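Inspection log for the structure reproduced underneath, given as structure tokens.
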Amino acid sequence: MRIDDHRIVNSLSYRWIFDELYSIILRLIHSLPIKKFYLILFLAGVALPLLGQPKTDSITYEGILNLLEQDRYDDAFRSLGRLEEEYYNTEPDKPFVEFLLEVVYLLNSKGSYEPALNYSFYVLELCQTEEFLSLQKTESLLEIGSAYYFLGMPDLSLMYSKQALELANTYGYKKQIAAAINKVGLYYETVGDLEASLREFEKCLLLREEINDIHGQSATLGNIGTVSAKLGMYDKALEFQLRSLALDSSIHDTLGVAWSYQLLGGLSTTMGNYPEATNYLELAEKQAKKLRSNELLLQTYHSRKELMEVLGEYEKAIKYTNRYEALRDSIHNKTILGRTALFQGTYELNRKSRELEAQKLTLSWQRNFILLGIAVAFVISVLASFYFRSFNRVRDLNREIEKQNEEIIKKSEELTKANAELAVLNQDISEQKEEIQAQAEELTESHETIIRINQHLEEKVAERTSELAQAYKELDTFFYRASHDFRRPLTTFMGLSEVAKITVKDKNALELFEKVRLTAGHLDKMLMKLQSISDVGLQHLSYREVFSNDIFNVLFTTYSEEFGSKDVSFQTEASIASFYSYPTIIKLIVDNLVENAIQFRRQRQAFVKVKIYKQDSQIIISVIDNGQGIDAQYQDQIFNMYFRGSENSNGNGLGLYIIKKAVEKLNGRISFTSVYNSGSTFSVFFPPKNLDEFRSS
């Protein structure tokens with residue numbers, strides 16, 4: 001199985017920056033002149049703690065990685081120990097942490113899993129509380145999972161892989177999420193749950209395709225092929241292994257191509273394609289030796305042994321068995337060597353850490369003593385300087401005081417002269433004050449006169465207001481009675497036209513009576529609207545509970561004939577059963593809105609919908625239609641009295657004006673949206689009151 005895509009080691013050391021900064025500070029101090037003694041003392045106080053820091057070795061990160069590549073574990077771990085000494089008790093350094101991860105990758109690839117685990121846990125400890133090292137922490141958890149997988153501890157591998165998956169999900173590291181899912185799939189494959197393993201690998205493949213991770217896709221395709229072969233799906237296994245090989249070849253991934261050869265060789269043996277199996281395994285063995293990949297070479301020897309056994313070539317099978325065992329022992333010996341070197345390095349590190357602590361304690365005492373001497377010298381210098389400056393300052397102040405005394409005498413003479421001038425000015429001010437007082441008395445008389453005039457005006461305004469109110473009242477009374485008086489003959493006309501339908505047989509006469517009926521009907525509607533204006537102006541209206549169904553039933557009864565004759569669909573919707581308001585005004589508003597919607601309907605599939613609902617402590621009544629709509633150029637005029645925005649309108653231009661007045665009576669507001677030739681929505685908003693609130697008001 002391919003545990004994951006390989007990584008390229010590429011790290012640099014940045015410790016030379018400290019050396020450069022240290023030398024710059026020294027050059028700066030030496031270049032200063034003697035007279036800037038205080039500044040030198042300050043810089044010395046800052047630099048002395050730095051002088052106690054150990055200087056960096058000349059060993060670079062690349063040198064240590066090269067030693068590990070050559071299996072020189074003693075030298076490599078000894079150099080690593082010196083680096084750890086430099087970073088002992090310091091803040092985590094990102095380049096150093098990334099270098100340690102490269103060491104872990106290399107140790108895992110060479111089969112030195114225990115040292116890899118040791119440095120993985122060291123990286124995990126460095127990153128534990130540092131937010132900016134969250135990616136490196138995730139990588140260390142993944143490498144711990146890999147090491148435990150190779151050591152045959154699948155449960156521990158699963159535990160750390162899941163921790164890596166949780167951390168990667170928290171920070172959105174998609175590449176690391178995919179790697180963790182891949183390791184979960186390997187766990188299920190190890191414990192024999194092949195169906196679960198296949199599901200995890202397929203999930204991993206989708207994510208790697210999404211982020212265009214070619215190396216990862218190739219590894220996961222190979223793993224899917226291996227699990228498919230174990231499930232007996234050989235054609236699917238071959239398809240995925242070939243796709244993995246194609247991806248590795250496209251990006252010139254030599255190690256990936258070699259792994260694909262090895263997996264294809266094993267699969268071809270299982271499928272009975274022995275010539276192809278031989279060819280693939282020979283290529284895999286050649287590349288493994290060239291790349292010095294012991295893990296790949298070990299798997300290739302095992303696959304070639306199985307092929308030879310199937311072909312009946314038992315001598316060759318024994319030869320590859322011996323090679324397999326020898327290589328495995330070699331890897332085991334290297335692991336022991338690495339473990340021994342690691343223990344030796346750890347011992348050296350602990351010993352040097354103790355020596356370093358002792359040196360730090362000595363340096364701390366020396367530094368404190370030097371700083372104390374510098375501080376004492378600095379304080380004495382400051383006090384001497386302060387005394388000298390104070391003496392000079394007092395002498396300068398005495399001279400300044402003498403000069404100021406001369407100026408004070410001169411100012412005193414000028415002040416005496418100014419006082420004489422001020423006495424003259426005070427006399428002038430006194431005379432002006434008397435004049436101002438006389439003017440103030442005149443202003444007081446004028447103010448009293450204005451007050452009397454204002455009182456007279458207020459009386460006149462109150463009198464005119466009372467007369468105007470009486471006139472409005474008489475006008476409303478006249479308007480109300482006149483509308484009723486006009487309606488009597490109109491109803492007579494309409495009644496006669498109905499009688500004529502029954503008694504008169506002449507077609508022309510019937511047409512005339514019908515026109516009389518229609519004309520009388522229009523006049524009756526106009527009188528009803530005029531009467532509505534009078535009703536809105538009344539001060540005492542009935543306030544009671546209004547039921548939504550009653551509103552709908554009245555509308556349906558009133559306009560049922562028009563709904564039927566004009567093919568208009570009438571729809572209702574109510575989310576509240578009732579509310580308290582003025583039923584007369586509510587009926588007036590809804591009736592006029594529905595009448596407008598019917599009048600300006602579309603010719604086909606017309607509908608009118610009335611909704612009653614509550615929102616944000618307000619009662620809302622909406623009338624919605626799909627009629628002609630209102631042209632944008634007329635929308636700001638529709639509530640004006642007698643305004644008609646369409647040539648097709650046969651109304652009197654009072655409907656929306658009456659609605660607006662009625663809404664204002666309810667202390668509410670009306671809004672609308674309209675699209676020409678698409679329809680309109682009129683919504684009335686008004687605050688509800690319950691009956692107890694109404695009675696208390």
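Simple scheme: letters A, B, ... for chains in structure tokens order, numbers from 1 for residues in each chain, numbers from 1 for ligands in the order shown.
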Apply DSSP to the backbone of this structure and, from segment 500-660 of chain A, keep only the residues in alpha helix (DSSP H); write these as a PyMOL selection string. chain A and resi 500-503+507-537+548-565+583-599+655-660
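By only C-alpha atoms, and with residues fewer than 5 positions from Glu98 of chain A along its chain excluded, the set lying at most 9 Å from it is Ser11, Asp93, Val103, Val123 and Gln136 of chain A.
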Grab the residues selected above and save them as a short mmCIF file (atom, residue, chain, number, x, y, z; two decimals), in the first residue's frame with N, CA and C atoms.
data_model
loop_
_atom_site.label_atom_id
_atom_site.label_comp_id
_atom_site.auth_asym_id
_atom_site.auth_seq_id
_atom_site.Cartn_x
_atom_site.Cartn_y
_atom_site.Cartn_z
N SER A 11 14.94 22.85 3.23
CA SER A 11 14.93 23.77 4.37
C SER A 11 16.19 24.60 4.38
N ASP A 93 10.68 28.41 16.68
CA ASP A 93 11.12 29.07 15.46
C ASP A 93 10.57 28.28 14.27
N VAL A 103 13.14 16.17 8.77
CA VAL A 103 13.86 15.04 9.38
C VAL A 103 12.91 13.87 9.59
N VAL A 123 8.21 17.89 17.74
CA VAL A 123 7.55 18.95 16.94
C VAL A 123 6.18 19.25 17.52
N GLN A 136 2.04 23.03 10.99
CA GLN A 136 3.12 22.12 11.35
C GLN A 136 2.63 21.11 12.41
#
Show which residues sit within 8 Å of segment 589-594 of chain A, as a PyMOL selection string. Count only C-alpha atoms, and ignore same-chain residues fewer than 2 positions away. chain A and resi 555+585-587+596-598+608+623+655-656+658-659+662-663+682
File of the preceding selection, C-alpha atoms, as a compact mmCIF listing (two decimals), in the first residue's frame:
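Heads up, here's the output in again.txt:
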# COMPACT_ATOMS: atom_id res chain seq x y z
CA LEU A 555 -66.29 41.24 -0.55
CA ILE A 585 -63.19 52.31 7.66
CA ILE A 586 -61.71 48.83 7.13
CA LYS A 587 -64.59 47.92 4.77
CA ASN A 596 -59.72 49.22 -8.43
CA ALA A 597 -58.18 45.76 -8.95
CA ILE A 598 -61.31 44.56 -10.81
CA VAL A 608 -57.47 39.47 -7.07
CA VAL A 623 -54.64 43.50 -2.06
CA GLY A 655 -60.99 55.76 -4.79
CA LEU A 656 -57.31 56.00 -3.82
CA ILE A 658 -60.53 58.12 -0.07
CA ILE A 659 -58.31 55.15 0.86
CA ALA A 662 -59.19 56.46 5.66
CA VAL A 663 -55.71 55.07 6.39
CA PHE A 682 -51.31 47.69 -2.19
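The space separating atom CA of Ser244 of chain A from atom CA of Thr321 of chain A comes to 27.9 Å.
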Quick one: residues within 8 Å of Leu245 of chain A, only C-alpha atoms counted, chain neighbours fewer than 6 positions away excluded, as a PyMOL selection string? chain A and resi 218+256-257+260-261
Please, could you write that set of residues out with C-alpha atoms as a tab-separated table (two decimals), in the first residue's frame?
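Dumped to out.tsv:
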chain	number	residue	atom	x	y	z
A	218	SER	CA	-1.84	9.04	-7.62
A	256	GLY	CA	5.48	7.24	-7.62
A	257	VAL	CA	6.02	5.50	-10.98
A	260	SER	CA	2.81	1.90	-9.50
A	261	TYR	CA	5.04	-0.68	-11.24
Selected residue, from A:Val516, A:Leu468, A:Leu80, A:Leu186, that lies nearest to Ala219 of chain A when counting only C-alpha atoms: A:Leu186
So which residues touch Thr270 of chain A within 12 Å, counting only C-alpha atoms, skipping near sequence neighbours fewer than 6 positions away, as a ChimeraX atom specification? /A:226,229-230,232-235,237-238,263-264,276-277,303,306-307,310-311
Residues within 12 Å of Ile214 of chain A, only C-alpha atoms, excluding chain neighbours under 6 positions, as number ranges by chain: A: 4-6, 175, 205-208, 220-221, 243-253, 256
